[in-house]
file input_12.cif (mmCIF, N, CA and C atoms)
data_structure
loop_
_atom_site.label_atom_id
_atom_site.label_comp_id
_atom_site.auth_asym_id
_atom_site.auth_seq_id
_atom_site.Cartn_x
_atom_site.Cartn_y
_atom_site.Cartn_z
N MET A 107 13.19 25.41 -4.24
CA MET A 107 13.47 24.37 -3.26
C MET A 107 12.24 24.16 -2.38
N LYS A 108 11.96 22.93 -2.09
CA LYS A 108 10.79 22.62 -1.28
C LYS A 108 11.07 22.82 0.20
N ASN A 109 10.03 23.14 0.93
CA ASN A 109 10.10 23.26 2.37
C ASN A 109 10.48 21.89 2.94
N THR A 110 11.36 21.86 3.94
CA THR A 110 11.79 20.59 4.51
C THR A 110 10.65 19.85 5.20
N GLY A 111 9.56 20.52 5.47
CA GLY A 111 8.40 19.85 6.05
C GLY A 111 7.54 19.16 5.00
N ASP A 112 7.87 19.41 3.72
CA ASP A 112 7.10 18.77 2.65
C ASP A 112 7.30 17.27 2.70
N LEU A 113 6.26 16.57 2.30
CA LEU A 113 6.28 15.12 2.26
C LEU A 113 7.43 14.62 1.40
N MET A 114 7.64 15.25 0.30
CA MET A 114 8.57 14.77 -0.71
C MET A 114 9.83 15.62 -0.78
N ALA A 115 10.39 16.06 0.29
CA ALA A 115 11.47 17.04 0.29
C ALA A 115 12.35 16.97 -0.96
N SER A 116 12.83 15.80 -1.36
CA SER A 116 13.65 15.75 -2.57
C SER A 116 13.55 14.40 -3.27
N LYS A 117 12.60 13.59 -2.93
CA LYS A 117 12.55 12.23 -3.41
C LYS A 117 11.16 11.88 -3.91
N THR A 118 11.11 11.17 -5.00
CA THR A 118 9.84 10.63 -5.48
C THR A 118 9.50 9.41 -4.64
N LEU A 119 8.29 9.36 -4.13
CA LEU A 119 7.83 8.19 -3.39
C LEU A 119 7.25 7.18 -4.36
N ASN A 120 7.48 5.91 -4.09
CA ASN A 120 6.92 4.83 -4.88
C ASN A 120 5.96 4.03 -4.02
N CYS A 121 4.69 4.04 -4.41
CA CYS A 121 3.66 3.28 -3.70
C CYS A 121 3.23 2.12 -4.57
N PHE A 122 3.07 0.96 -3.96
CA PHE A 122 2.69 -0.26 -4.66
C PHE A 122 1.38 -0.76 -4.06
N LEU A 123 0.35 -0.79 -4.87
CA LEU A 123 -0.96 -1.28 -4.46
C LEU A 123 -1.17 -2.68 -5.02
N ILE A 124 -1.59 -3.59 -4.15
CA ILE A 124 -1.91 -4.95 -4.57
C ILE A 124 -3.41 -5.12 -4.35
N ASP A 125 -4.19 -5.09 -5.43
CA ASP A 125 -5.64 -5.11 -5.36
C ASP A 125 -6.20 -5.64 -6.68
N ASP A 126 -7.14 -6.55 -6.60
CA ASP A 126 -7.68 -7.17 -7.81
C ASP A 126 -8.79 -6.36 -8.48
N ASP A 127 -9.26 -5.29 -7.86
CA ASP A 127 -10.36 -4.50 -8.40
C ASP A 127 -9.82 -3.31 -9.19
N PRO A 128 -10.03 -3.28 -10.53
CA PRO A 128 -9.51 -2.17 -11.34
C PRO A 128 -10.05 -0.80 -10.90
N ASP A 129 -11.30 -0.74 -10.44
CA ASP A 129 -11.85 0.52 -9.97
C ASP A 129 -11.11 1.00 -8.72
N ASP A 130 -10.83 0.09 -7.81
CA ASP A 130 -10.09 0.45 -6.60
C ASP A 130 -8.66 0.88 -6.94
N GLN A 131 -8.06 0.24 -7.94
CA GLN A 131 -6.72 0.65 -8.37
C GLN A 131 -6.74 2.09 -8.89
N GLU A 132 -7.73 2.39 -9.70
CA GLU A 132 -7.84 3.73 -10.28
C GLU A 132 -8.09 4.79 -9.20
N ILE A 133 -8.99 4.49 -8.28
CA ILE A 133 -9.31 5.42 -7.19
C ILE A 133 -8.08 5.67 -6.31
N PHE A 134 -7.36 4.60 -6.02
CA PHE A 134 -6.16 4.72 -5.19
C PHE A 134 -5.13 5.63 -5.86
N CYS A 135 -4.87 5.41 -7.13
CA CYS A 135 -3.89 6.23 -7.85
C CYS A 135 -4.37 7.68 -7.97
N MET A 136 -5.68 7.88 -8.15
CA MET A 136 -6.22 9.25 -8.19
C MET A 136 -6.00 9.95 -6.86
N ALA A 137 -6.22 9.23 -5.77
CA ALA A 137 -6.03 9.82 -4.44
C ALA A 137 -4.57 10.24 -4.24
N LEU A 138 -3.64 9.42 -4.69
CA LEU A 138 -2.23 9.79 -4.58
C LEU A 138 -1.92 11.02 -5.44
N GLU A 139 -2.49 11.08 -6.64
CA GLU A 139 -2.29 12.25 -7.51
C GLU A 139 -2.84 13.51 -6.85
N ASP A 140 -3.97 13.38 -6.16
CA ASP A 140 -4.61 14.53 -5.50
C ASP A 140 -3.78 15.10 -4.36
N MET A 141 -2.80 14.32 -3.89
CA MET A 141 -1.95 14.81 -2.81
C MET A 141 -1.03 15.92 -3.31
N GLY A 142 -0.86 16.01 -4.62
CA GLY A 142 -0.03 17.08 -5.19
C GLY A 142 1.45 16.90 -4.93
N GLU A 143 1.86 15.72 -4.65
CA GLU A 143 3.27 15.43 -4.38
C GLU A 143 3.83 14.58 -5.52
N ASP A 144 5.11 14.33 -5.48
CA ASP A 144 5.77 13.51 -6.49
C ASP A 144 5.71 12.05 -6.04
N ILE A 145 4.62 11.38 -6.43
CA ILE A 145 4.39 10.00 -6.00
C ILE A 145 4.07 9.14 -7.22
N ASN A 146 4.80 8.05 -7.36
CA ASN A 146 4.50 7.08 -8.40
C ASN A 146 3.59 6.01 -7.83
N CYS A 147 2.60 5.63 -8.60
CA CYS A 147 1.66 4.59 -8.19
C CYS A 147 1.79 3.41 -9.14
N ARG A 148 2.13 2.28 -8.59
CA ARG A 148 2.21 1.05 -9.37
C ARG A 148 1.28 0.05 -8.70
N TYR A 149 0.72 -0.87 -9.48
CA TYR A 149 -0.17 -1.85 -8.86
C TYR A 149 -0.03 -3.22 -9.50
N ALA A 150 -0.46 -4.22 -8.73
CA ALA A 150 -0.55 -5.60 -9.18
C ALA A 150 -1.96 -6.08 -8.88
N SER A 151 -2.46 -6.98 -9.69
CA SER A 151 -3.84 -7.43 -9.56
C SER A 151 -4.04 -8.55 -8.55
N ASP A 152 -2.98 -9.13 -8.05
CA ASP A 152 -3.10 -10.12 -6.99
C ASP A 152 -1.73 -10.36 -6.36
N GLY A 153 -1.71 -11.14 -5.30
CA GLY A 153 -0.48 -11.39 -4.57
C GLY A 153 0.56 -12.14 -5.37
N VAL A 154 0.13 -13.06 -6.21
CA VAL A 154 1.07 -13.83 -7.02
C VAL A 154 1.81 -12.91 -7.99
N GLU A 155 1.07 -12.04 -8.66
CA GLU A 155 1.67 -11.06 -9.58
C GLU A 155 2.60 -10.12 -8.81
N ALA A 156 2.15 -9.66 -7.64
CA ALA A 156 2.95 -8.73 -6.83
C ALA A 156 4.27 -9.35 -6.41
N LEU A 157 4.23 -10.60 -5.99
CA LEU A 157 5.46 -11.24 -5.54
C LEU A 157 6.45 -11.46 -6.69
N LYS A 158 5.95 -11.68 -7.89
CA LYS A 158 6.85 -11.77 -9.06
C LYS A 158 7.60 -10.45 -9.23
N VAL A 159 6.87 -9.34 -9.09
CA VAL A 159 7.49 -8.01 -9.21
C VAL A 159 8.48 -7.79 -8.07
N LEU A 160 8.06 -8.05 -6.85
CA LEU A 160 8.89 -7.76 -5.68
C LEU A 160 10.09 -8.68 -5.54
N ASN A 161 9.96 -9.92 -6.00
CA ASN A 161 11.09 -10.85 -5.94
C ASN A 161 12.09 -10.62 -7.07
N GLY A 162 11.73 -9.77 -8.01
CA GLY A 162 12.61 -9.49 -9.15
C GLY A 162 13.81 -8.63 -8.82
N ASN A 163 13.88 -8.07 -7.64
CA ASN A 163 15.01 -7.25 -7.17
C ASN A 163 15.23 -5.95 -7.95
N THR A 164 14.30 -5.57 -8.81
CA THR A 164 14.49 -4.31 -9.55
C THR A 164 13.54 -3.22 -9.07
N TYR A 165 12.59 -3.57 -8.22
CA TYR A 165 11.60 -2.59 -7.75
C TYR A 165 11.48 -2.70 -6.23
N THR A 166 11.76 -1.59 -5.56
CA THR A 166 11.60 -1.53 -4.11
C THR A 166 10.72 -0.33 -3.79
N PRO A 167 9.45 -0.56 -3.49
CA PRO A 167 8.55 0.55 -3.18
C PRO A 167 8.85 1.13 -1.81
N ASP A 168 8.41 2.37 -1.61
CA ASP A 168 8.55 3.01 -0.30
C ASP A 168 7.40 2.61 0.62
N TYR A 169 6.25 2.29 0.02
CA TYR A 169 5.05 1.88 0.76
C TYR A 169 4.33 0.82 -0.04
N ILE A 170 3.75 -0.15 0.67
CA ILE A 170 2.96 -1.20 0.03
C ILE A 170 1.58 -1.21 0.68
N PHE A 171 0.56 -1.35 -0.16
CA PHE A 171 -0.83 -1.42 0.30
C PHE A 171 -1.43 -2.70 -0.28
N ILE A 172 -2.02 -3.53 0.58
CA ILE A 172 -2.52 -4.84 0.14
C ILE A 172 -4.00 -4.99 0.47
N ASP A 173 -4.79 -5.31 -0.54
CA ASP A 173 -6.20 -5.64 -0.35
C ASP A 173 -6.27 -6.98 0.39
N MET A 174 -7.22 -7.10 1.30
CA MET A 174 -7.36 -8.33 2.07
C MET A 174 -7.94 -9.49 1.26
N ASN A 175 -8.92 -9.19 0.41
CA ASN A 175 -9.66 -10.25 -0.29
C ASN A 175 -9.32 -10.23 -1.78
N MET A 176 -8.49 -11.20 -2.17
CA MET A 176 -8.09 -11.32 -3.57
C MET A 176 -8.08 -12.79 -3.97
N PRO A 177 -8.22 -13.05 -5.26
CA PRO A 177 -8.12 -14.44 -5.73
C PRO A 177 -6.67 -14.92 -5.71
N ARG A 178 -6.48 -16.19 -5.76
CA ARG A 178 -5.18 -16.88 -5.81
C ARG A 178 -4.38 -16.78 -4.52
N MET A 179 -4.33 -15.61 -3.90
CA MET A 179 -3.57 -15.42 -2.66
C MET A 179 -4.21 -14.25 -1.91
N ASN A 180 -4.69 -14.51 -0.69
CA ASN A 180 -5.33 -13.42 0.05
C ASN A 180 -4.28 -12.46 0.62
N GLY A 181 -4.76 -11.37 1.17
CA GLY A 181 -3.88 -10.33 1.68
C GLY A 181 -2.92 -10.80 2.76
N ASN A 182 -3.40 -11.62 3.68
CA ASN A 182 -2.53 -12.10 4.75
C ASN A 182 -1.41 -12.98 4.21
N GLU A 183 -1.74 -13.85 3.25
CA GLU A 183 -0.72 -14.70 2.65
C GLU A 183 0.32 -13.85 1.92
N CYS A 184 -0.15 -12.84 1.22
CA CYS A 184 0.74 -11.94 0.49
C CYS A 184 1.65 -11.19 1.47
N LEU A 185 1.07 -10.69 2.54
CA LEU A 185 1.84 -9.99 3.57
C LEU A 185 2.93 -10.89 4.14
N GLN A 186 2.58 -12.13 4.46
CA GLN A 186 3.56 -13.07 5.00
C GLN A 186 4.73 -13.26 4.04
N GLN A 187 4.44 -13.40 2.76
CA GLN A 187 5.49 -13.61 1.77
C GLN A 187 6.35 -12.36 1.61
N ILE A 188 5.72 -11.19 1.61
CA ILE A 188 6.48 -9.94 1.49
C ILE A 188 7.43 -9.78 2.67
N ARG A 189 6.99 -10.14 3.85
CA ARG A 189 7.83 -9.98 5.05
C ARG A 189 9.01 -10.94 5.07
N THR A 190 9.07 -11.90 4.13
CA THR A 190 10.24 -12.78 4.03
C THR A 190 11.30 -12.21 3.09
N ILE A 191 10.97 -11.15 2.37
CA ILE A 191 11.92 -10.53 1.44
C ILE A 191 12.76 -9.52 2.22
N ILE A 192 14.00 -9.86 2.44
CA ILE A 192 14.88 -9.09 3.33
C ILE A 192 14.94 -7.61 2.97
N ARG A 193 15.09 -7.26 1.71
CA ARG A 193 15.23 -5.84 1.35
C ARG A 193 13.96 -5.04 1.60
N LEU A 194 12.84 -5.72 1.85
CA LEU A 194 11.57 -5.03 2.11
C LEU A 194 11.21 -5.00 3.60
N LYS A 195 12.13 -5.45 4.45
CA LYS A 195 11.80 -5.59 5.88
C LYS A 195 11.39 -4.28 6.54
N ASP A 196 11.90 -3.16 6.06
CA ASP A 196 11.57 -1.87 6.66
C ASP A 196 10.52 -1.08 5.89
N VAL A 197 10.00 -1.65 4.82
CA VAL A 197 8.98 -0.97 4.01
C VAL A 197 7.63 -1.07 4.74
N PRO A 198 6.98 0.06 5.01
CA PRO A 198 5.66 -0.01 5.64
C PRO A 198 4.65 -0.70 4.71
N VAL A 199 3.90 -1.63 5.29
CA VAL A 199 2.88 -2.35 4.54
C VAL A 199 1.54 -2.13 5.24
N TYR A 200 0.60 -1.56 4.49
CA TYR A 200 -0.74 -1.30 5.02
C TYR A 200 -1.74 -2.24 4.37
N MET A 201 -2.57 -2.83 5.19
CA MET A 201 -3.65 -3.66 4.66
C MET A 201 -4.79 -2.71 4.31
N TYR A 202 -5.56 -3.10 3.29
CA TYR A 202 -6.54 -2.20 2.68
C TYR A 202 -7.79 -3.02 2.39
N SER A 203 -8.89 -2.74 3.09
CA SER A 203 -10.08 -3.58 2.95
C SER A 203 -11.37 -2.80 3.15
N THR A 204 -12.47 -3.39 2.71
CA THR A 204 -13.78 -2.73 2.85
C THR A 204 -14.30 -2.78 4.28
N SER A 205 -13.80 -3.70 5.09
CA SER A 205 -14.25 -3.77 6.49
C SER A 205 -13.05 -4.06 7.38
N ALA A 206 -13.21 -3.70 8.64
CA ALA A 206 -12.10 -3.86 9.59
C ALA A 206 -12.56 -4.64 10.83
N ASP A 207 -12.67 -5.93 10.68
CA ASP A 207 -12.97 -6.79 11.82
C ASP A 207 -11.79 -6.71 12.78
N PRO A 208 -12.02 -6.40 14.06
CA PRO A 208 -10.91 -6.24 15.01
C PRO A 208 -9.96 -7.44 15.07
N GLU A 209 -10.49 -8.66 14.95
CA GLU A 209 -9.63 -9.84 14.96
C GLU A 209 -8.75 -9.90 13.72
N ALA A 210 -9.33 -9.53 12.57
CA ALA A 210 -8.57 -9.53 11.32
C ALA A 210 -7.47 -8.46 11.37
N VAL A 211 -7.79 -7.30 11.92
CA VAL A 211 -6.80 -6.23 12.06
C VAL A 211 -5.66 -6.69 12.95
N ALA A 212 -5.99 -7.30 14.08
CA ALA A 212 -4.96 -7.79 15.00
C ALA A 212 -4.08 -8.85 14.33
N ALA A 213 -4.70 -9.72 13.55
CA ALA A 213 -3.94 -10.77 12.87
C ALA A 213 -2.95 -10.17 11.86
N THR A 214 -3.36 -9.12 11.17
CA THR A 214 -2.45 -8.51 10.19
C THR A 214 -1.28 -7.83 10.90
N LYS A 215 -1.54 -7.24 12.04
CA LYS A 215 -0.45 -6.60 12.81
C LYS A 215 0.57 -7.66 13.24
N GLU A 216 0.07 -8.83 13.67
CA GLU A 216 0.96 -9.91 14.08
C GLU A 216 1.82 -10.41 12.92
N LEU A 217 1.27 -10.31 11.71
CA LEU A 217 2.00 -10.75 10.52
C LEU A 217 2.98 -9.69 10.01
N GLY A 218 2.94 -8.50 10.61
CA GLY A 218 3.90 -7.46 10.23
C GLY A 218 3.33 -6.26 9.51
N ALA A 219 2.00 -6.13 9.47
CA ALA A 219 1.41 -4.95 8.84
C ALA A 219 1.70 -3.71 9.67
N SER A 220 1.93 -2.60 9.00
CA SER A 220 2.17 -1.33 9.67
C SER A 220 0.87 -0.66 10.09
N GLY A 221 -0.22 -1.01 9.42
CA GLY A 221 -1.52 -0.42 9.71
C GLY A 221 -2.61 -1.05 8.87
N PHE A 222 -3.81 -0.59 9.09
CA PHE A 222 -4.99 -1.14 8.41
C PHE A 222 -5.85 0.03 7.97
N ILE A 223 -6.17 0.07 6.69
CA ILE A 223 -7.00 1.14 6.14
C ILE A 223 -8.32 0.55 5.65
N VAL A 224 -9.42 1.12 6.11
CA VAL A 224 -10.73 0.75 5.59
C VAL A 224 -10.96 1.59 4.33
N LYS A 225 -11.32 0.92 3.24
CA LYS A 225 -11.54 1.63 1.98
C LYS A 225 -12.64 2.67 2.17
N PRO A 226 -12.31 3.94 2.00
CA PRO A 226 -13.30 5.00 2.18
C PRO A 226 -14.24 5.09 0.96
N THR A 227 -15.29 5.87 1.12
CA THR A 227 -16.30 5.98 0.07
C THR A 227 -16.00 7.07 -0.94
N SER A 228 -14.96 7.88 -0.72
CA SER A 228 -14.65 8.94 -1.68
C SER A 228 -13.14 9.06 -1.87
N VAL A 229 -12.77 9.62 -3.02
CA VAL A 229 -11.35 9.86 -3.31
C VAL A 229 -10.79 10.86 -2.29
N ALA A 230 -11.57 11.87 -1.93
CA ALA A 230 -11.10 12.88 -0.98
C ALA A 230 -10.76 12.25 0.38
N GLU A 231 -11.61 11.34 0.85
CA GLU A 231 -11.34 10.66 2.12
C GLU A 231 -10.09 9.81 2.02
N LEU A 232 -9.94 9.10 0.90
CA LEU A 232 -8.76 8.26 0.72
C LEU A 232 -7.50 9.12 0.65
N THR A 233 -7.57 10.24 -0.03
CA THR A 233 -6.43 11.15 -0.11
C THR A 233 -5.99 11.58 1.28
N LYS A 234 -6.95 11.93 2.12
CA LYS A 234 -6.65 12.34 3.49
C LYS A 234 -6.00 11.20 4.28
N THR A 235 -6.53 10.00 4.13
CA THR A 235 -5.99 8.83 4.83
C THR A 235 -4.57 8.52 4.36
N LEU A 236 -4.37 8.54 3.04
CA LEU A 236 -3.02 8.25 2.52
C LEU A 236 -2.02 9.32 2.93
N HIS A 237 -2.45 10.56 2.96
CA HIS A 237 -1.59 11.66 3.41
C HIS A 237 -1.10 11.36 4.83
N PHE A 238 -2.00 10.93 5.68
CA PHE A 238 -1.64 10.58 7.07
C PHE A 238 -0.63 9.42 7.09
N CYS A 239 -0.88 8.36 6.31
CA CYS A 239 0.01 7.20 6.28
C CYS A 239 1.41 7.56 5.78
N LEU A 240 1.47 8.38 4.75
CA LEU A 240 2.76 8.72 4.16
C LEU A 240 3.54 9.74 4.98
N ARG A 241 2.90 10.39 5.91
CA ARG A 241 3.57 11.36 6.79
C ARG A 241 4.14 10.72 8.04
N LYS A 242 3.77 9.47 8.33
CA LYS A 242 4.25 8.81 9.55
C LYS A 242 5.74 8.66 9.55
#

call {"tool": "encode", "arguments": {"input": "input_12.cif", "output": "structure tokens"}}
result
Amino acid sequence: MKNTGDLMASKTLNCFLIDDDPDDQEIFCMALEDMGEDINCRYASDGVEALKVLNGNTYTPDYIFIDMNMPRMNGNECLQQIRTIIRLKDVPVYMYSTSADPEAVAATKELGASGFIVKPTSVAELTKTLHFCLRK
């Protein structure tokens, strides 16, 4: 039996990454694996693809991470659409970008983001950041 302080006391966490960069998708999933917990990592390559998955009513992630700069639909547009899906209203959504302009960060918070993560330069740094986000 796991310690009740463990991240995953008895449940598999489902994380959904929306990012158009295959390298960033791989790094993100590696960081989650490095946490040593029972975490599933699923991803979509853009907001349009993500919304098809999320509007399908068969997948409800525990956490959503959205890249700010993507083709077809940027991160803010994707966030706005996700926040209209009633069953996802309490799901934490973190924006995920290479830079954190204070105005952009504030705008994402107004749209309903739970936080903003600057893409770190190493898997170890990302693992530490994700550990913090998933423990909130």

call {"tool": "atom_distance", "arguments": {"input": "input_12.cif", "atom1": "atom N of Tyr149 of chain A", "atom2": "atom CA of Phe122 of chain A"}}
result
5.2 Å

call {"tool": "residues_around", "arguments": {"input": "input_12.cif", "residues": "segment 127-142 of chain A", "least_positions_apart": "6", "cutoff": "6 Å", "atoms": "only N, CA and C atoms", "output": "PDB file with N, CA and C atoms, keeping the file's coordinate frame"}}
result
ATOM      1  N   VAL A 229     -12.770   9.620  -3.020  1.00  0.00           N
ATOM      2  CA  VAL A 229     -11.350   9.860  -3.310  1.00  0.00           C
ATOM      3  C   VAL A 229     -10.790  10.860  -2.290  1.00  0.00           C
ATOM      4  N   LEU A 232      -9.940   9.100   0.900  1.00  0.00           N
ATOM      5  CA  LEU A 232      -8.760   8.260   0.720  1.00  0.00           C
ATOM      6  C   LEU A 232      -7.500   9.120   0.650  1.00  0.00           C
ATOM      7  N   THR A 233      -7.570  10.240  -0.030  1.00  0.00           N
ATOM      8  CA  THR A 233      -6.430  11.150  -0.110  1.00  0.00           C
ATOM      9  C   THR A 233      -5.990  11.580   1.280  1.00  0.00           C
TER      10      THR A 233
END

call {"tool": "atom_distance", "arguments": {"input": "input_12.cif", "atom1": "atom N of Ala206 of chain A", "atom2": "atom C of Pro226 of chain A"}}
result
11.7 Å

call {"tool": "residues_around", "arguments": {"input": "input_12.cif", "residues": "Asp152 of chain A", "least_positions_apart": "4", "cutoff": "8 Å", "atoms": "only N, CA and C atoms", "output": "compact mmCIF listing (two decimals) with N, CA and C atoms, in the frame of the given file"}}
result
# COMPACT_ATOMS: atom_id res chain seq x y z
N LEU A 123 0.35 -0.79 -4.87
CA LEU A 123 -0.96 -1.28 -4.46
C LEU A 123 -1.17 -2.68 -5.02
N ILE A 124 -1.59 -3.59 -4.15
CA ILE A 124 -1.91 -4.95 -4.57
C ILE A 124 -3.41 -5.12 -4.35
N ASP A 125 -4.19 -5.09 -5.43
CA ASP A 125 -5.64 -5.11 -5.36
C ASP A 125 -6.20 -5.64 -6.68
N ASP A 126 -7.14 -6.55 -6.60
CA ASP A 126 -7.68 -7.17 -7.81
C ASP A 126 -8.79 -6.36 -8.48
N ASP A 127 -9.26 -5.29 -7.86
CA ASP A 127 -10.36 -4.50 -8.40
C ASP A 127 -9.82 -3.31 -9.19
N ALA A 156 2.15 -9.66 -7.64
CA ALA A 156 2.95 -8.73 -6.83
C ALA A 156 4.27 -9.35 -6.41
N LEU A 157 4.23 -10.60 -5.99
CA LEU A 157 5.46 -11.24 -5.54
C LEU A 157 6.45 -11.46 -6.69
N LYS A 158 5.95 -11.68 -7.89
CA LYS A 158 6.85 -11.77 -9.06
C LYS A 158 7.60 -10.45 -9.23
N MET A 176 -8.49 -11.20 -2.17
CA MET A 176 -8.09 -11.32 -3.57
C MET A 176 -8.08 -12.79 -3.97
N PRO A 177 -8.22 -13.05 -5.26
CA PRO A 177 -8.12 -14.44 -5.73
C PRO A 177 -6.67 -14.92 -5.71
N ARG A 178 -6.48 -16.19 -5.76
CA ARG A 178 -5.18 -16.88 -5.81
C ARG A 178 -4.38 -16.78 -4.52
N MET A 179 -4.33 -15.61 -3.90
CA MET A 179 -3.57 -15.42 -2.66
C MET A 179 -4.21 -14.25 -1.91
N ASN A 180 -4.69 -14.51 -0.69
CA ASN A 180 -5.33 -13.42 0.05
C ASN A 180 -4.28 -12.46 0.62
N CYS A 184 -0.15 -12.84 1.22
CA CYS A 184 0.74 -11.94 0.49
C CYS A 184 1.65 -11.19 1.47

call {"tool": "axis_aligned_box", "arguments": {"input": "input_12.cif", "around": "segment 212-228 of chain A", "padding_each_side": "5 Å", "output": "AutoDock Vina command-line options"}}
result
--center_x -6.2 --center_y -0.9 --center_z 6.6 --size_x 30.2 --size_y 29.8 --size_z 26.9

call {"tool": "residues_near_point", "arguments": {"input": "input_12.cif", "point": "(8.4, 9.1, -5.7)", "cutoff": "8 Å", "atoms": "only C-alpha atoms", "output": "PyMOL selection string"}}
result
chain A and resi 114+117-121+144-146

call {"tool": "select_by_dssp", "arguments": {"input": "input_12.cif", "residues": "segment 116-226 of chain A", "states": "strand (DSSP E)", "output": "PyMOL selection string"}}
result
chain A and resi 119-124+145-150+169-173+199-203+221-224

call {"tool": "write_last_selection", "arguments": {"input": "input_12.cif", "atoms": "N, CA and C atoms", "output": "JSON list (two decimals), keeping the file's coordinate frame"}}
result
[["chain", "number", "residue", "atom", "x", "y", "z"],
["A", 119, "LEU", "N", 8.29, 9.36, -4.13],
["A", 119, "LEU", "CA", 7.83, 8.19, -3.39],
["A", 119, "LEU", "C", 7.25, 7.18, -4.36],
["A", 120, "ASN", "N", 7.48, 5.91, -4.09],
["A", 120, "ASN", "CA", 6.92, 4.83, -4.88],
["A", 120, "ASN", "C", 5.96, 4.03, -4.02],
["A", 121, "CYS", "N", 4.69, 4.04, -4.41],
["A", 121, "CYS", "CA", 3.66, 3.28, -3.70],
["A", 121, "CYS", "C", 3.23, 2.12, -4.57],
["A", 122, "PHE", "N", 3.07, 0.96, -3.96],
["A", 122, "PHE", "CA", 2.69, -0.26, -4.66],
["A", 122, "PHE", "C", 1.38, -0.76, -4.06],
["A", 123, "LEU", "N", 0.35, -0.79, -4.87],
["A", 123, "LEU", "CA", -0.96, -1.28, -4.46],
["A", 123, "LEU", "C", -1.17, -2.68, -5.02],
["A", 124, "ILE", "N", -1.59, -3.59, -4.15],
["A", 124, "ILE", "CA", -1.91, -4.95, -4.57],
["A", 124, "ILE", "C", -3.41, -5.12, -4.35],
["A", 145, "ILE", "N", 4.62, 11.38, -6.43],
["A", 145, "ILE", "CA", 4.39, 10.00, -6.00],
["A", 145, "ILE", "C", 4.07, 9.14, -7.22],
["A", 146, "ASN", "N", 4.80, 8.05, -7.36],
["A", 146, "ASN", "CA", 4.50, 7.08, -8.40],
["A", 146, "ASN", "C", 3.59, 6.01, -7.83],
["A", 147, "CYS", "N", 2.60, 5.63, -8.60],
["A", 147, "CYS", "CA", 1.66, 4.59, -8.19],
["A", 147, "CYS", "C", 1.79, 3.41, -9.14],
["A", 148, "ARG", "N", 2.13, 2.28, -8.59],
["A", 148, "ARG", "CA", 2.21, 1.05, -9.37],
["A", 148, "ARG", "C", 1.28, 0.05, -8.70],
["A", 149, "TYR", "N", 0.72, -0.87, -9.48],
["A", 149, "TYR", "CA", -0.17, -1.85, -8.86],
["A", 149, "TYR", "C", -0.03, -3.22, -9.50],
["A", 150, "ALA", "N", -0.46, -4.22, -8.73],
["A", 150, "ALA", "CA", -0.55, -5.60, -9.18],
["A", 150, "ALA", "C", -1.96, -6.08, -8.88],
["A", 169, "TYR", "N", 6.25, 2.29, 0.02],
["A", 169, "TYR", "CA", 5.05, 1.88, 0.76],
["A", 169, "TYR", "C", 4.33, 0.82, -0.04],
["A", 170, "ILE", "N", 3.75, -0.15, 0.67],
["A", 170, "ILE", "CA", 2.96, -1.20, 0.03],
["A", 170, "ILE", "C", 1.58, -1.21, 0.68],
["A", 171, "PHE", "N", 0.56, -1.35, -0.16],
["A", 171, "PHE", "CA", -0.83, -1.42, 0.30],
["A", 171, "PHE", "C", -1.43, -2.70, -0.28],
["A", 172, "ILE", "N", -2.02, -3.53, 0.58],
["A", 172, "ILE", "CA", -2.52, -4.84, 0.14],
["A", 172, "ILE", "C", -4.00, -4.99, 0.47],
["A", 173, "ASP", "N", -4.79, -5.31, -0.54],
["A", 173, "ASP", "CA", -6.20, -5.64, -0.35],
["A", 173, "ASP", "C", -6.27, -6.98, 0.39],
["A", 199, "VAL", "N", 3.90, -1.63, 5.29],
["A", 199, "VAL", "CA", 2.88, -2.35, 4.54],
["A", 199, "VAL", "C", 1.54, -2.13, 5.24],
["A", 200, "TYR", "N", 0.60, -1.56, 4.49],
["A", 200, "TYR", "CA", -0.74, -1.30, 5.02],
["A", 200, "TYR", "C", -1.74, -2.24, 4.37],
["A", 201, "MET", "N", -2.57, -2.83, 5.19],
["A", 201, "MET", "CA", -3.65, -3.66, 4.66],
["A", 201, "MET", "C", -4.79, -2.71, 4.31],
["A", 202, "TYR", "N", -5.56, -3.10, 3.29],
["A", 202, "TYR", "CA", -6.54, -2.20, 2.68],
["A", 202, "TYR", "C", -7.79, -3.02, 2.39],
["A", 203, "SER", "N", -8.89, -2.74, 3.09],
["A", 203, "SER", "CA", -10.08, -3.58, 2.95],
["A", 203, "SER", "C", -11.37, -2.80, 3.15],
["A", 221, "GLY", "N", -0.22, -1.01, 9.42],
["A", 221, "GLY", "CA", -1.52, -0.42, 9.71],
["A", 221, "GLY", "C", -2.61, -1.05, 8.87],
["A", 222, "PHE", "N", -3.81, -0.59, 9.09],
["A", 222, "PHE", "CA", -4.99, -1.14, 8.41],
["A", 222, "PHE", "C", -5.85, 0.03, 7.97],
["A", 223, "ILE", "N", -6.17, 0.07, 6.69],
["A", 223, "ILE", "CA", -7.00, 1.14, 6.14],
["A", 223, "ILE", "C", -8.32, 0.55, 5.65],
["A", 224, "VAL", "N", -9.42, 1.12, 6.11],
["A", 224, "VAL", "CA", -10.73, 0.75, 5.59],
["A", 224, "VAL", "C", -10.96, 1.59, 4.33]]
